[in-house]
>>> print(open('run_17.cif').read())   # mmCIF, C-alpha atoms
data_final
#
loop_
_atom_site.label_atom_id
_atom_site.label_comp_id
_atom_site.auth_asym_id
_atom_site.auth_seq_id
_atom_site.Cartn_x
_atom_site.Cartn_y
_atom_site.Cartn_z
CA MET X 1 -65.85 -45.41 18.01
CA THR X 2 -66.54 -41.89 16.76
CA THR X 3 -65.80 -41.40 13.08
CA PHE X 4 -64.43 -38.30 11.45
CA GLY X 5 -67.82 -37.43 10.04
CA GLU X 6 -69.36 -37.62 13.53
CA LEU X 7 -66.96 -35.09 15.07
CA SER X 8 -68.39 -31.84 16.26
CA THR X 9 -67.92 -28.86 13.99
CA ARG X 10 -65.40 -27.35 16.44
CA TRP X 11 -63.14 -30.43 16.55
CA ALA X 12 -63.35 -30.98 12.79
CA ALA X 13 -62.37 -27.34 12.24
CA VAL X 14 -59.36 -27.79 14.58
CA VAL X 15 -58.17 -30.88 12.65
CA ILE X 16 -58.65 -29.23 9.25
CA ALA X 17 -57.01 -25.98 10.43
CA THR X 18 -54.02 -27.95 11.77
CA VAL X 19 -53.62 -29.70 8.43
CA LEU X 20 -53.79 -26.28 6.67
CA ALA X 21 -51.13 -24.88 9.00
CA VAL X 22 -48.92 -27.89 8.21
CA VAL X 23 -49.45 -27.19 4.49
CA ILE X 24 -48.29 -23.59 4.99
CA LEU X 25 -45.20 -24.67 6.96
CA ILE X 26 -44.25 -27.24 4.33
CA ALA X 27 -44.69 -24.58 1.64
CA ILE X 28 -42.27 -22.33 3.54
CA LEU X 29 -39.75 -25.18 3.77
CA PHE X 30 -40.14 -25.86 0.07
CA VAL X 31 -39.50 -22.22 -0.87
CA MET X 32 -36.50 -21.99 1.49
CA SER X 33 -34.98 -25.16 0.06
CA ILE X 34 -35.23 -23.71 -3.45
CA ALA X 35 -33.86 -20.32 -2.35
CA GLU X 36 -30.88 -21.92 -0.60
CA ARG X 37 -30.27 -24.22 -3.55
CA LEU X 38 -30.31 -27.36 -1.47
CA SER X 39 -29.93 -30.82 -2.97
CA LYS X 40 -32.51 -32.03 -5.48
CA THR X 41 -33.53 -34.84 -3.10
CA TYR X 42 -34.39 -32.34 -0.38
CA VAL X 43 -36.42 -30.22 -2.79
CA LEU X 44 -38.19 -33.29 -4.21
CA VAL X 45 -39.12 -34.67 -0.77
CA SER X 46 -40.42 -31.33 0.50
CA GLY X 47 -42.34 -30.76 -2.73
CA THR X 48 -43.92 -34.21 -2.65
CA LEU X 49 -44.87 -33.79 1.01
CA LEU X 50 -46.42 -30.42 0.21
CA ILE X 51 -48.60 -31.92 -2.53
CA VAL X 52 -49.73 -34.87 -0.37
CA GLU X 53 -50.54 -32.66 2.60
CA TYR X 54 -52.42 -30.16 0.47
CA LEU X 55 -54.50 -32.94 -1.09
CA SER X 56 -55.18 -34.31 2.40
CA TYR X 57 -56.43 -30.90 3.50
CA ARG X 58 -58.80 -30.64 0.51
CA VAL X 59 -60.15 -34.16 1.00
CA LEU X 60 -60.74 -33.65 4.74
CA TYR X 61 -62.39 -30.30 4.22
CA LYS X 62 -64.65 -31.31 1.34
CA SER X 63 -65.48 -34.71 2.90
CA TYR X 64 -66.63 -33.24 6.20
CA TYR X 65 -68.56 -30.31 4.77
CA ARG X 66 -69.85 -32.31 1.75
CA THR X 67 -68.73 -29.68 -0.77
CA GLY X 68 -67.12 -30.25 -4.15
CA MET X 69 -67.00 -34.07 -3.86
CA LYS X 70 -68.72 -34.85 -7.14
CA GLY X 71 -65.58 -36.42 -8.55
CA LEU X 72 -64.70 -38.39 -5.43
CA PRO X 73 -67.93 -39.63 -3.76
CA ILE X 74 -66.48 -42.98 -2.73
CA LEU X 75 -63.28 -41.38 -1.29
CA GLY X 76 -65.40 -38.88 0.61
CA GLU X 77 -67.50 -41.60 2.16
CA ILE X 78 -64.39 -43.53 3.16
CA VAL X 79 -62.79 -40.51 4.84
CA VAL X 80 -66.00 -39.63 6.66
CA ASN X 81 -66.29 -43.15 8.06
CA ILE X 82 -62.64 -43.37 9.21
CA PRO X 83 -62.31 -43.29 13.01
CA ALA X 84 -61.47 -39.76 14.23
CA VAL X 85 -58.70 -40.79 16.64
CA PRO X 86 -56.25 -42.09 13.98
CA ILE X 87 -56.81 -38.96 11.88
CA ILE X 88 -56.16 -36.70 14.87
CA ILE X 89 -53.06 -38.67 15.90
CA ILE X 90 -51.64 -38.66 12.35
CA THR X 91 -52.35 -34.94 11.98
CA PHE X 92 -50.63 -34.23 15.31
CA LEU X 93 -47.57 -36.34 14.42
CA VAL X 94 -47.21 -34.71 11.00
CA ALA X 95 -47.45 -31.26 12.63
CA VAL X 96 -44.75 -32.20 15.18
CA LEU X 97 -42.56 -33.60 12.39
CA VAL X 98 -42.86 -30.46 10.29
CA VAL X 99 -42.15 -28.16 13.24
CA SER X 100 -39.10 -30.28 14.14
CA TRP X 101 -37.99 -30.09 10.53
CA ILE X 102 -38.25 -26.29 10.54
CA LEU X 103 -36.30 -26.03 13.80
CA PHE X 104 -33.61 -28.31 12.38
CA PHE X 105 -33.49 -26.29 9.18
CA ASN X 106 -33.12 -23.04 11.15
CA ARG X 107 -30.31 -24.53 13.29
CA TRP X 108 -28.62 -25.86 10.15
CA ASN X 109 -28.75 -22.39 8.58
CA LYS X 110 -26.98 -20.89 11.59
CA ASN X 111 -24.16 -23.46 11.53
CA ASN X 112 -23.58 -23.77 7.78
CA VAL X 113 -22.72 -21.48 4.90
CA THR X 114 -25.86 -20.68 2.95
CA LEU X 115 -26.80 -18.16 0.31
CA ALA X 116 -28.47 -16.03 2.95
CA SER X 117 -25.38 -16.12 5.18
CA VAL X 118 -23.17 -15.23 2.21
CA LYS X 119 -25.44 -12.31 1.39
CA ASP X 120 -25.36 -11.13 5.01
CA ALA X 121 -21.58 -11.41 5.09
CA ILE X 122 -21.27 -9.40 1.89
CA ASN X 123 -23.55 -6.71 3.30
CA ASP X 124 -21.47 -6.60 6.50
CA MET X 125 -18.24 -5.97 4.55
CA GLU X 126 -16.47 -2.65 5.16
CA ALA X 127 -15.95 -2.37 1.40
CA GLY X 128 -18.52 -1.94 -1.34
CA ILE X 129 -18.82 -4.52 -4.11
CA VAL X 130 -20.96 -5.03 -7.18
CA CYS X 131 -20.74 -7.76 -9.81
CA SER X 132 -22.48 -7.17 -13.11
CA ASN X 133 -22.78 -8.75 -16.52
CA GLU X 134 -21.45 -7.18 -19.72
CA MET X 135 -24.58 -5.00 -19.99
CA GLY X 136 -23.93 -3.61 -16.51
CA VAL X 137 -26.92 -5.29 -14.86
CA PRO X 138 -25.97 -6.08 -11.23
CA VAL X 139 -26.11 -9.77 -10.31
CA MET X 140 -24.73 -9.16 -6.82
CA VAL X 141 -24.37 -5.90 -4.90
CA ASN X 142 -24.05 -5.10 -1.22
CA THR X 143 -25.64 -2.28 0.69
CA LYS X 144 -22.42 -0.27 1.05
CA MET X 145 -21.93 -0.07 -2.71
CA GLU X 146 -25.56 0.92 -3.15
CA SER X 147 -25.18 3.67 -0.56
CA LEU X 148 -21.92 4.89 -2.09
CA CYS X 149 -23.38 4.99 -5.59
CA GLU X 150 -26.40 6.99 -4.47
CA TYR X 151 -24.15 9.30 -2.44
CA ILE X 152 -21.73 10.19 -5.23
CA THR X 153 -24.09 10.12 -8.22
CA GLY X 154 -27.46 10.91 -6.66
CA LYS X 155 -28.97 7.88 -8.39
CA PRO X 156 -29.63 4.27 -7.34
CA LEU X 157 -27.30 1.54 -8.56
CA LEU X 158 -29.26 0.14 -11.50
CA ASN X 159 -26.36 -0.25 -13.93
CA ALA X 160 -22.74 -0.75 -12.88
CA ASN X 161 -21.45 0.45 -16.28
CA TYR X 162 -23.11 3.83 -15.76
CA LEU X 163 -21.44 4.11 -12.35
CA TRP X 164 -18.01 3.39 -13.84
CA GLU X 165 -18.56 5.90 -16.65
CA ALA X 166 -19.57 8.53 -14.11
CA LEU X 167 -16.34 7.89 -12.21
CA THR X 168 -14.07 7.95 -15.25
CA ASN X 169 -15.75 11.09 -16.66
CA ASN X 170 -15.92 12.76 -13.23
CA GLU X 171 -19.66 13.26 -13.62
CA LEU X 172 -20.41 13.16 -9.91
CA CYS X 173 -22.36 15.12 -7.36
CA GLU X 174 -21.05 18.49 -6.25
CA GLY X 175 -18.15 18.15 -3.84
CA CYS X 176 -17.09 14.71 -5.08
CA GLU X 177 -13.70 14.71 -6.78
CA VAL X 178 -11.68 12.08 -8.62
CA LEU X 179 -8.12 12.49 -7.33
CA ASP X 180 -6.44 9.95 -9.59
CA GLN X 181 -7.43 7.73 -12.50
CA GLY X 182 -5.90 4.55 -13.87
CA ASP X 183 -6.28 0.94 -12.85
CA ASN X 184 -7.44 2.34 -9.51
CA ILE X 185 -9.66 5.40 -9.15
CA LEU X 186 -9.19 7.56 -6.07
CA LEU X 187 -12.40 9.34 -5.10
CA GLN X 188 -12.81 11.99 -2.43
CA THR X 189 -16.26 12.78 -1.04
CA PRO X 190 -17.44 16.15 0.33
CA SER X 191 -16.98 14.81 3.87
CA GLY X 192 -13.28 14.18 3.19
CA ARG X 193 -13.52 10.40 2.96
CA VAL X 194 -11.33 8.83 0.27
CA PHE X 195 -12.25 5.64 -1.59
CA ARG X 196 -10.21 3.49 -3.95
CA LEU X 197 -12.32 1.84 -6.66
CA LYS X 198 -10.94 -0.99 -8.74
CA ARG X 199 -12.61 -2.78 -11.63
CA ARG X 200 -11.69 -6.19 -12.95
CA GLN X 201 -13.20 -9.11 -14.84
CA ILE X 202 -13.89 -12.40 -13.09
CA ARG X 203 -15.28 -15.71 -14.30
CA VAL X 204 -17.94 -17.51 -12.26
CA ASP X 205 -19.34 -20.82 -13.55
CA GLU X 206 -18.07 -19.99 -17.06
CA VAL X 207 -19.86 -16.63 -16.93
CA LEU X 208 -17.76 -13.47 -17.40
CA LEU X 209 -18.61 -10.75 -14.86
CA ASN X 210 -17.31 -7.27 -14.11
CA GLU X 211 -16.43 -6.72 -10.47
CA LEU X 212 -16.23 -3.21 -9.02
CA PHE X 213 -14.66 -3.00 -5.58
CA ALA X 214 -14.68 0.15 -3.42
CA THR X 215 -12.43 0.39 -0.35
CA GLU X 216 -12.18 3.34 2.03
CA ILE X 217 -8.55 4.45 2.41
CA THR X 218 -9.02 7.80 4.14
CA ASN X 219 -6.38 7.22 6.81
CA LEU X 220 -3.94 5.66 4.34
CA TYR X 221 -4.38 8.57 1.92
CA LYS X 222 -3.81 11.14 4.67
CA ALA X 223 -0.70 9.26 5.77
CA SER X 224 0.63 9.19 2.19
CA MET X 225 0.01 12.94 1.84
CA GLU X 226 1.86 13.58 5.09
CA LEU X 227 4.69 11.36 3.90
CA ARG X 228 4.86 13.24 0.60
CA GLU X 229 4.99 16.56 2.42
CA GLY X 230 7.68 15.16 4.68
CA ASN X 231 9.71 14.02 1.68
CA GLU X 232 9.39 17.46 0.13
CA ARG X 233 10.60 19.06 3.35
CA LEU X 234 13.43 16.52 3.50
CA GLU X 235 14.37 17.31 -0.10
CA GLY X 236 14.49 20.98 0.82
CA MET X 237 16.72 20.17 3.79
CA ASN X 238 19.00 18.09 1.58
CA ASN X 239 19.27 20.97 -0.87
CA ARG X 240 20.21 23.27 1.99
CA MET X 241 22.74 20.67 3.16
CA ARG X 242 24.28 20.56 -0.29
CA ASN X 243 24.44 24.34 -0.35
CA LEU X 244 25.96 24.30 3.12
CA ASN X 245 28.59 21.79 1.98
CA ASP X 246 29.45 24.03 -0.96
CA THR X 247 29.65 26.99 1.39
CA ILE X 248 31.94 25.09 3.78
CA THR X 249 34.23 24.16 0.88
CA ARG X 250 34.29 27.74 -0.37
CA VAL X 251 34.95 29.12 3.12
CA THR X 252 37.78 26.60 3.61
CA ILE X 253 39.41 27.67 0.36
CA GLU X 254 39.00 31.34 1.21
CA ARG X 255 40.54 30.68 4.62
CA GLU X 256 43.53 29.01 2.94
CA VAL X 257 43.87 31.94 0.56
CA LEU X 258 43.68 34.41 3.44
CA GLY X 259 46.35 32.50 5.35
CA LEU X 260 48.52 32.52 2.25
CA LYS X 261 48.11 36.27 1.83
CA ILE X 262 48.99 36.90 5.46
CA LYS X 263 52.04 34.65 5.23
CA VAL X 264 53.29 36.26 2.02
CA HIS X 265 52.61 39.74 3.40
CA ASP X 266 54.58 39.08 6.61
CA ASN X 267 57.54 37.50 4.82
CA LEU X 268 57.75 40.26 2.21
CA GLY X 269 57.52 42.87 4.95
CA ARG X 270 60.43 41.37 6.84
CA SER X 271 62.50 41.07 3.66
CA LEU X 272 61.85 44.71 2.69
CA LEU X 273 62.80 45.97 6.15
CA SER X 274 66.01 43.89 6.12
CA ALA X 275 66.94 45.15 2.63
CA LYS X 276 66.22 48.80 3.55
CA ARG X 277 68.26 48.58 6.74
CA TYR X 278 71.19 47.06 4.83
CA LEU X 279 71.04 49.76 2.13
CA VAL X 280 70.78 52.64 4.58
CA SER X 281 73.12 51.62 7.35
CA GLY X 282 74.88 48.53 6.01
CA GLU X 283 73.53 46.43 8.84
CA GLY X 284 72.64 42.82 8.25
CA ASN X 285 73.98 39.90 6.23
CA LEU X 286 73.61 40.33 2.52
CA GLY X 287 73.64 36.55 1.99
CA GLU X 288 70.83 36.08 4.47
CA ILE X 289 68.85 38.88 2.84
CA ILE X 290 69.24 37.31 -0.61
CA LYS X 291 68.33 33.91 0.81
CA GLY X 292 65.17 35.40 2.36
CA TRP X 293 64.14 36.92 -0.98
CA ARG X 294 64.64 33.54 -2.68
CA GLU X 295 62.51 31.81 -0.03
CA ASN X 296 59.81 34.43 -0.52
CA THR X 297 59.86 33.84 -4.27
CA GLN X 298 59.57 30.08 -3.77
CA LEU X 299 56.77 30.61 -1.26
CA ILE X 300 54.84 32.75 -3.73
CA ASP X 301 55.34 30.15 -6.45
CA SER X 302 54.32 27.21 -4.23
CA ASP X 303 51.35 29.01 -2.69
CA THR X 304 50.22 30.22 -6.09
CA GLU X 305 50.18 26.56 -7.04
CA ASN X 306 48.19 25.84 -3.86
CA LEU X 307 45.64 28.43 -4.94
CA LYS X 308 45.05 26.32 -7.99
CA GLN X 309 44.17 23.33 -5.85
CA ASP X 310 40.86 21.70 -6.79
CA ASP X 311 38.43 19.62 -4.73
CA TYR X 312 40.76 16.59 -4.76
CA SER X 313 43.71 18.57 -3.42
CA LEU X 314 41.53 20.03 -0.71
CA MET X 315 40.37 16.53 0.31
CA PHE X 316 43.96 15.20 0.34
CA LYS X 317 45.03 18.13 2.51
CA THR X 318 42.04 17.68 4.82
CA ALA X 319 42.80 13.97 5.20
CA LYS X 320 46.45 14.73 5.98
CA ASP X 321 45.44 17.30 8.61
CA VAL X 322 43.29 14.73 10.43
CA GLY X 323 45.84 11.91 10.17
CA VAL X 324 44.35 9.89 7.31
CA SER X 325 46.35 8.88 4.26
CA ILE X 326 44.52 8.36 0.96
CA ARG X 327 45.71 5.67 -1.44
CA VAL X 328 44.29 5.86 -4.96
CA GLN X 329 44.48 3.06 -7.51
CA GLY X 330 43.54 4.33 -10.97
CA ILE X 331 42.77 7.77 -12.38
CA LEU X 332 40.15 9.93 -10.72
CA PRO X 333 37.65 11.69 -13.02
CA GLN X 334 38.51 15.28 -13.88
CA ASP X 335 35.24 16.66 -15.24
CA LYS X 336 33.62 19.16 -12.92
CA LYS X 337 30.39 17.30 -12.01
CA ARG X 338 31.92 13.90 -11.32
CA LYS X 339 34.88 15.48 -9.54
CA LYS X 340 32.51 17.21 -7.12
CA ILE X 341 30.65 13.94 -6.42
CA VAL X 342 33.85 11.93 -5.88
CA ALA X 343 35.28 14.65 -3.64
CA THR X 344 32.10 14.58 -1.55
CA ALA X 345 32.42 10.78 -1.28
CA MET X 346 36.03 11.20 -0.17
CA HIS X 347 34.94 13.68 2.49
CA GLU X 348 32.28 11.30 3.87
CA CYS X 349 34.65 8.33 3.85
CA ILE X 350 37.37 10.33 5.63
CA THR X 351 34.86 11.25 8.33
CA ASN X 352 33.59 7.67 8.67
CA THR X 353 37.10 6.24 8.74
CA ILE X 354 37.96 8.35 11.78
CA ARG X 355 34.62 8.45 13.56
CA HIS X 356 33.28 4.91 13.12
CA ALA X 357 36.05 2.63 11.86
CA GLY X 358 38.96 4.05 13.87
CA GLY X 359 41.26 3.72 10.83
CA ASP X 360 43.96 5.93 9.34
CA GLU X 361 43.99 4.85 5.67
CA LEU X 362 41.38 5.36 2.96
CA TYR X 363 41.58 3.23 -0.19
CA ILE X 364 40.06 4.47 -3.45
CA ASN X 365 39.95 1.91 -6.25
CA ILE X 366 38.73 2.81 -9.75
CA VAL X 367 37.26 -0.52 -10.91
CA ARG X 368 36.16 0.40 -14.46
CA ASP X 369 35.51 3.42 -16.64
CA LYS X 370 32.16 2.64 -18.34
CA PRO X 371 30.29 3.26 -16.20
CA LEU X 372 32.85 4.79 -13.90
CA THR X 373 32.85 2.60 -10.79
CA ILE X 374 34.79 3.66 -7.71
CA GLU X 375 35.11 1.66 -4.48
CA PHE X 376 35.96 3.32 -1.16
CA THR X 377 37.28 1.15 1.71
CA ASN X 378 39.43 1.71 4.79
CA ASN X 379 41.72 -0.18 7.15
CA GLY X 380 39.46 0.32 10.17
CA LYS X 381 37.23 -2.18 11.92
CA PRO X 382 34.18 -3.47 10.02
CA PRO X 383 30.71 -2.15 10.96
CA GLU X 384 28.91 -3.89 13.83
CA SER X 385 25.56 -3.65 12.01
CA LYS X 386 24.34 -3.15 8.48
CA VAL X 387 25.06 0.33 7.14
CA ARG X 388 22.22 2.03 5.28
CA LEU X 389 22.28 5.03 2.98
CA THR X 390 19.56 6.80 4.94
CA GLY X 391 20.08 10.10 6.67
CA GLY X 392 23.28 12.08 7.11
CA GLY X 393 26.05 12.64 4.61
CA LEU X 394 25.76 9.26 2.87
CA ASP X 395 22.13 9.96 2.05
CA MET X 396 23.06 13.35 0.63
CA LEU X 397 25.81 11.68 -1.41
CA ARG X 398 23.34 9.13 -2.79
CA ARG X 399 21.01 11.92 -3.89
CA MET X 400 23.89 13.70 -5.64
CA VAL X 401 24.80 10.49 -7.46
CA ARG X 402 21.19 9.80 -8.49
CA ASP X 403 20.72 13.38 -9.67
CA TYR X 404 23.68 12.78 -11.95
CA GLY X 405 22.10 9.55 -13.20
CA GLY X 406 24.30 7.08 -11.35
CA ASP X 407 23.94 4.85 -8.32
CA ALA X 408 25.51 4.51 -4.88
CA ARG X 409 25.37 1.59 -2.46
CA VAL X 410 27.23 0.24 0.55
CA GLU X 411 28.40 -3.16 1.68
CA SER X 412 28.87 -3.86 5.38
CA SER X 413 30.54 -7.28 5.28
CA PRO X 414 33.30 -8.39 5.45
CA VAL X 415 34.46 -4.73 5.43
CA PHE X 416 32.79 -1.41 4.84
CA LYS X 417 32.70 -0.56 1.16
CA LEU X 418 31.10 2.39 -0.59
CA ILE X 419 30.50 1.79 -4.29
CA VAL X 420 29.75 4.76 -6.57
CA GLU X 421 28.76 4.32 -10.20
CA LEU X 422 28.77 7.39 -12.46
#
>>> encode(input="run_17.cif", output="structure tokens")
Amino acid sequence: MTTFGELSTRWAAVVIATVLAVVILIAILFVMSIAERLSKTYVLVSGTLLIVEYLSYRVLYKSYYRTGMKGLPILGEIVVNIPAVPIIIITFLVAVLVVSWILFFNRWNKNNVTLASVKDAINDMEAGIVCSNEMGVPVMVNTKMESLCEYITGKPLLNANYLWEALTNNELCEGCEVLDQGDNILLQTPSGRVFRLKRRQIRVDEVLLNELFATEITNLYKASMELREGNERLEGMNNRMRNLNDTITRVTIEREVLGLKIKVHDNLGRSLLSAKRYLVSGEGNLGEIIKGWRENTQLIDSDTENLKQDDYSLMFKTAKDVGVSIRVQGILPQDKKRKKIVATAMHECITNTIRHAGGDELYINIVRDKPLTIEFTNNGKPPESKVRLTGGGLDMLRRMVRDYGGDARVESSPVFKLIVEL
């Protein structure tokens, strides 16, 4: 049987090269096992196999070529005289085993969470993240945070503390602007993109780290700006509505005054004509003429009193004109500001009583004085759904109450109830 030492140079080189290739593959496995922080057993086995295979390579090489065997002459002679077939078979089986091991390791990496997969997942995040120690040295950073840092500062991310100081001091590249500072920093880039950066401390394996998280909120920021502009427009509309309500009240009073003037003018005119005709020609009934003058005097007195009517009187008259009676329990406030608010609430409740509840009585109950709490209810049907103070007159009323420093809310069950606190 041919021994290893009797192999041709070509076949010996193939065997030795195969063993060297196996050594390289095992070395790769060993490094990967350390990098992925696998179990100590796995690392120990792969390390031991690497040492054994490397020593086998050196012995085979030096035994066949008779180089460097001064320390191991007996071992060299033994290896040279070993039959070639077993050595080739063992070398082939070890190579197959190592290749199978690598394929298994690669398949295991794809199906299990490893450090490499975690790193890839962090790099694939839509947000940027960097974790650093107290000195600012990054211990973990993804590509998006690196790109963002270089984009806004013009420098690579070598120290997370420097990045945070640049943000807080607004020392950024031209076109970059810090919109808001606090627990969260809002940053706008020259391209119009908006990022929210938040810093916090986390503890990992008893080690305190600083985490800086950057999230793009461009669409959310634009939506919030549009909402703010919409609220400002709505506030302007509410102010115009309040002015319109004041105008309607003023016009109503002026219309009442004009009607009073016309009524007094007509009655006085008739009385003067009757008195003149009686004095000139003696026509007419003196008793009726005197009675007419008395009625005119009473009319002037009563209508002069009507001219002094305030917001409450106007609301009571309005309710009477539309067929709603108002029942008040307690004393309504008389100061100008609260009177205006309560009168506005009465107006809204009168409208709702007729339009939505189908009732004809409005109940106003003063619950307490400090703070002044007034409840408005009616005898109509309860609401079919929950009533909200959004939009319309009730919303305007709530704003009036809040501008004064009070609060307004509604209850929908078991009956409609408007509660105003001033």
>>> closest_residue(input="run_17.cif", among="X:Pro83, X:Arg66, X:Glu348, X:Ala27", to="Thr3 (chain X)", atoms="only C-alpha atoms")
X:Pro83
>>> atom_distance(input="run_17.cif", atom1="CA of Glu53 (chain X)", atom2="CA of Val19 (chain X)")
7.2 Å
>>> atom_distance(input="run_17.cif", atom1="CA of Arg355 (chain X)", atom2="CA of Gly406 (chain X)")
27.0 Å
>>> residues_near_point(input="run_17.cif", point="(-11.0, 4.1, -1.5)", cutoff="12 Å", atoms="all atoms listed in the file", output="ChimeraX atom specification")
/X:126-129,145,148,178-180,184-189,192-198,212-222
>>> resolve_selection(input="run_17.cif", expression="the PyMOL selection byres ((chain X and resi 7) around 12)", output="CSV table (one decimal) with C-alpha atoms, keeping the file's coordinate frame")
chain,number,residue,atom,x,y,z
X,1,MET,CA,-65.8,-45.4,18.0
X,2,THR,CA,-66.5,-41.9,16.8
X,3,THR,CA,-65.8,-41.4,13.1
X,4,PHE,CA,-64.4,-38.3,11.4
X,5,GLY,CA,-67.8,-37.4,10.0
X,6,GLU,CA,-69.4,-37.6,13.5
X,8,SER,CA,-68.4,-31.8,16.3
X,9,THR,CA,-67.9,-28.9,14.0
X,10,ARG,CA,-65.4,-27.4,16.4
X,11,TRP,CA,-63.1,-30.4,16.6
X,12,ALA,CA,-63.4,-31.0,12.8
X,13,ALA,CA,-62.4,-27.3,12.2
X,14,VAL,CA,-59.4,-27.8,14.6
X,15,VAL,CA,-58.2,-30.9,12.6
X,16,ILE,CA,-58.6,-29.2,9.2
X,64,TYR,CA,-66.6,-33.2,6.2
X,65,TYR,CA,-68.6,-30.3,4.8
X,80,VAL,CA,-66.0,-39.6,6.7
X,81,ASN,CA,-66.3,-43.2,8.1
X,82,ILE,CA,-62.6,-43.4,9.2
X,83,PRO,CA,-62.3,-43.3,13.0
X,84,ALA,CA,-61.5,-39.8,14.2
X,85,VAL,CA,-58.7,-40.8,16.6
X,87,ILE,CA,-56.8,-39.0,11.9
X,88,ILE,CA,-56.2,-36.7,14.9
>>> residues_near_point(input="run_17.cif", point="(39.9, 16.3, -4.5)", cutoff="9 Å", atoms="only C-alpha atoms", output="tab-separated table (two decimals) with C-alpha atoms, in the frame of the given file")
chain	number	residue	atom	x	y	z
X	309	GLN	CA	44.17	23.33	-5.85
X	310	ASP	CA	40.86	21.70	-6.79
X	311	ASP	CA	38.43	19.62	-4.73
X	312	TYR	CA	40.76	16.59	-4.76
X	313	SER	CA	43.71	18.57	-3.42
X	314	LEU	CA	41.53	20.03	-0.71
X	315	MET	CA	40.37	16.53	0.31
X	316	PHE	CA	43.96	15.20	0.34
X	317	LYS	CA	45.03	18.13	2.51
X	332	LEU	CA	40.15	9.93	-10.72
X	339	LYS	CA	34.88	15.48	-9.54
X	340	LYS	CA	32.51	17.21	-7.12
X	342	VAL	CA	33.85	11.93	-5.88
X	343	ALA	CA	35.28	14.65	-3.64
X	344	THR	CA	32.10	14.58	-1.55
X	346	MET	CA	36.03	11.20	-0.17
X	347	HIS	CA	34.94	13.68	2.49
>>> atom_distance(input="run_17.cif", atom1="CA of Tyr42 (chain X)", atom2="CA of Asn106 (chain X)")
14.9 Å
>>> closest_residue(input="run_17.cif", among="X:Arg409, X:Lys110, X:Arg199, X:Arg294", to="Phe376 (chain X)", atoms="only C-alpha atoms")
X:Arg409
>>> resolve_selection(input="run_17.cif", expression="the PyMOL selection byres ((chain X and resi 357) around 9)", output="PDB file with C-alpha atoms, in the coordinates of the input")
ATOM      1  CA  ASN X 352      33.590   7.670   8.670  1.00  0.00           C
ATOM      2  CA  THR X 353      37.100   6.240   8.740  1.00  0.00           C
ATOM      3  CA  ILE X 354      37.960   8.350  11.780  1.00  0.00           C
ATOM      4  CA  ARG X 355      34.620   8.450  13.560  1.00  0.00           C
ATOM      5  CA  HIS X 356      33.280   4.910  13.120  1.00  0.00           C
ATOM      6  CA  GLY X 358      38.960   4.050  13.870  1.00  0.00           C
ATOM      7  CA  GLY X 359      41.260   3.720  10.830  1.00  0.00           C
ATOM      8  CA  ASP X 360      43.960   5.930   9.340  1.00  0.00           C
ATOM      9  CA  ASN X 378      39.430   1.710   4.790  1.00  0.00           C
ATOM     10  CA  ASN X 379      41.720  -0.180   7.150  1.00  0.00           C
ATOM     11  CA  GLY X 380      39.460   0.320  10.170  1.00  0.00           C
ATOM     12  CA  LYS X 381      37.230  -2.180  11.920  1.00  0.00           C
ATOM     13  CA  PRO X 382      34.180  -3.470  10.020  1.00  0.00           C
ATOM     14  CA  PRO X 383      30.710  -2.150  10.960  1.00  0.00           C
ATOM     15  CA  PHE X 416      32.790  -1.410   4.840  1.00  0.00           C
TER      16      PHE X 416
END
>>> resolve_selection(input="run_17.cif", expression="the PyMOL selection byres ((chain X and resi 153) around 10)", output="MDAnalysis selection string")
chainID X and resid 148:152 154:157 162:163 166:167 170:174 176
>>> write_last_selection(input="run_17.cif", atoms="C-alpha atoms", output="PDB file, in the coordinates of the input")
ATOM      1  CA  LEU X 148     -21.920   4.890  -2.090  1.00  0.00           C
ATOM      2  CA  CYS X 149     -23.380   4.990  -5.590  1.00  0.00           C
ATOM      3  CA  GLU X 150     -26.400   6.990  -4.470  1.00  0.00           C
ATOM      4  CA  TYR X 151     -24.150   9.300  -2.440  1.00  0.00           C
ATOM      5  CA  ILE X 152     -21.730  10.190  -5.230  1.00  0.00           C
ATOM      6  CA  GLY X 154     -27.460  10.910  -6.660  1.00  0.00           C
ATOM      7  CA  LYS X 155     -28.970   7.880  -8.390  1.00  0.00           C
ATOM      8  CA  PRO X 156     -29.630   4.270  -7.340  1.00  0.00           C
ATOM      9  CA  LEU X 157     -27.300   1.540  -8.560  1.00  0.00           C
ATOM     10  CA  TYR X 162     -23.110   3.830 -15.760  1.00  0.00           C
ATOM     11  CA  LEU X 163     -21.440   4.110 -12.350  1.00  0.00           C
ATOM     12  CA  ALA X 166     -19.570   8.530 -14.110  1.00  0.00           C
ATOM     13  CA  LEU X 167     -16.340   7.890 -12.210  1.00  0.00           C
ATOM     14  CA  ASN X 170     -15.920  12.760 -13.230  1.00  0.00           C
ATOM     15  CA  GLU X 171     -19.660  13.260 -13.620  1.00  0.00           C
ATOM     16  CA  LEU X 172     -20.410  13.160  -9.910  1.00  0.00           C
ATOM     17  CA  CYS X 173     -22.360  15.120  -7.360  1.00  0.00           C
ATOM     18  CA  GLU X 174     -21.050  18.490  -6.250  1.00  0.00           C
ATOM     19  CA  CYS X 176     -17.090  14.710  -5.080  1.00  0.00           C
TER      20      CYS X 176
END
>>> residues_around(input="run_17.cif", residues="Val367 (chain X)", least_positions_apart="3", cutoff="12 Å", atoms="all atoms listed in the file", output="PyMOL selection string")
chain X and resi 328-332+364+370-376+419-422
>>> closest_residue(input="run_17.cif", among="X:Gly136, X:Gly175, X:Gly269, X:Gly282", to="Asn210 (chain X)", atoms="all atoms listed in the file")
X:Gly136
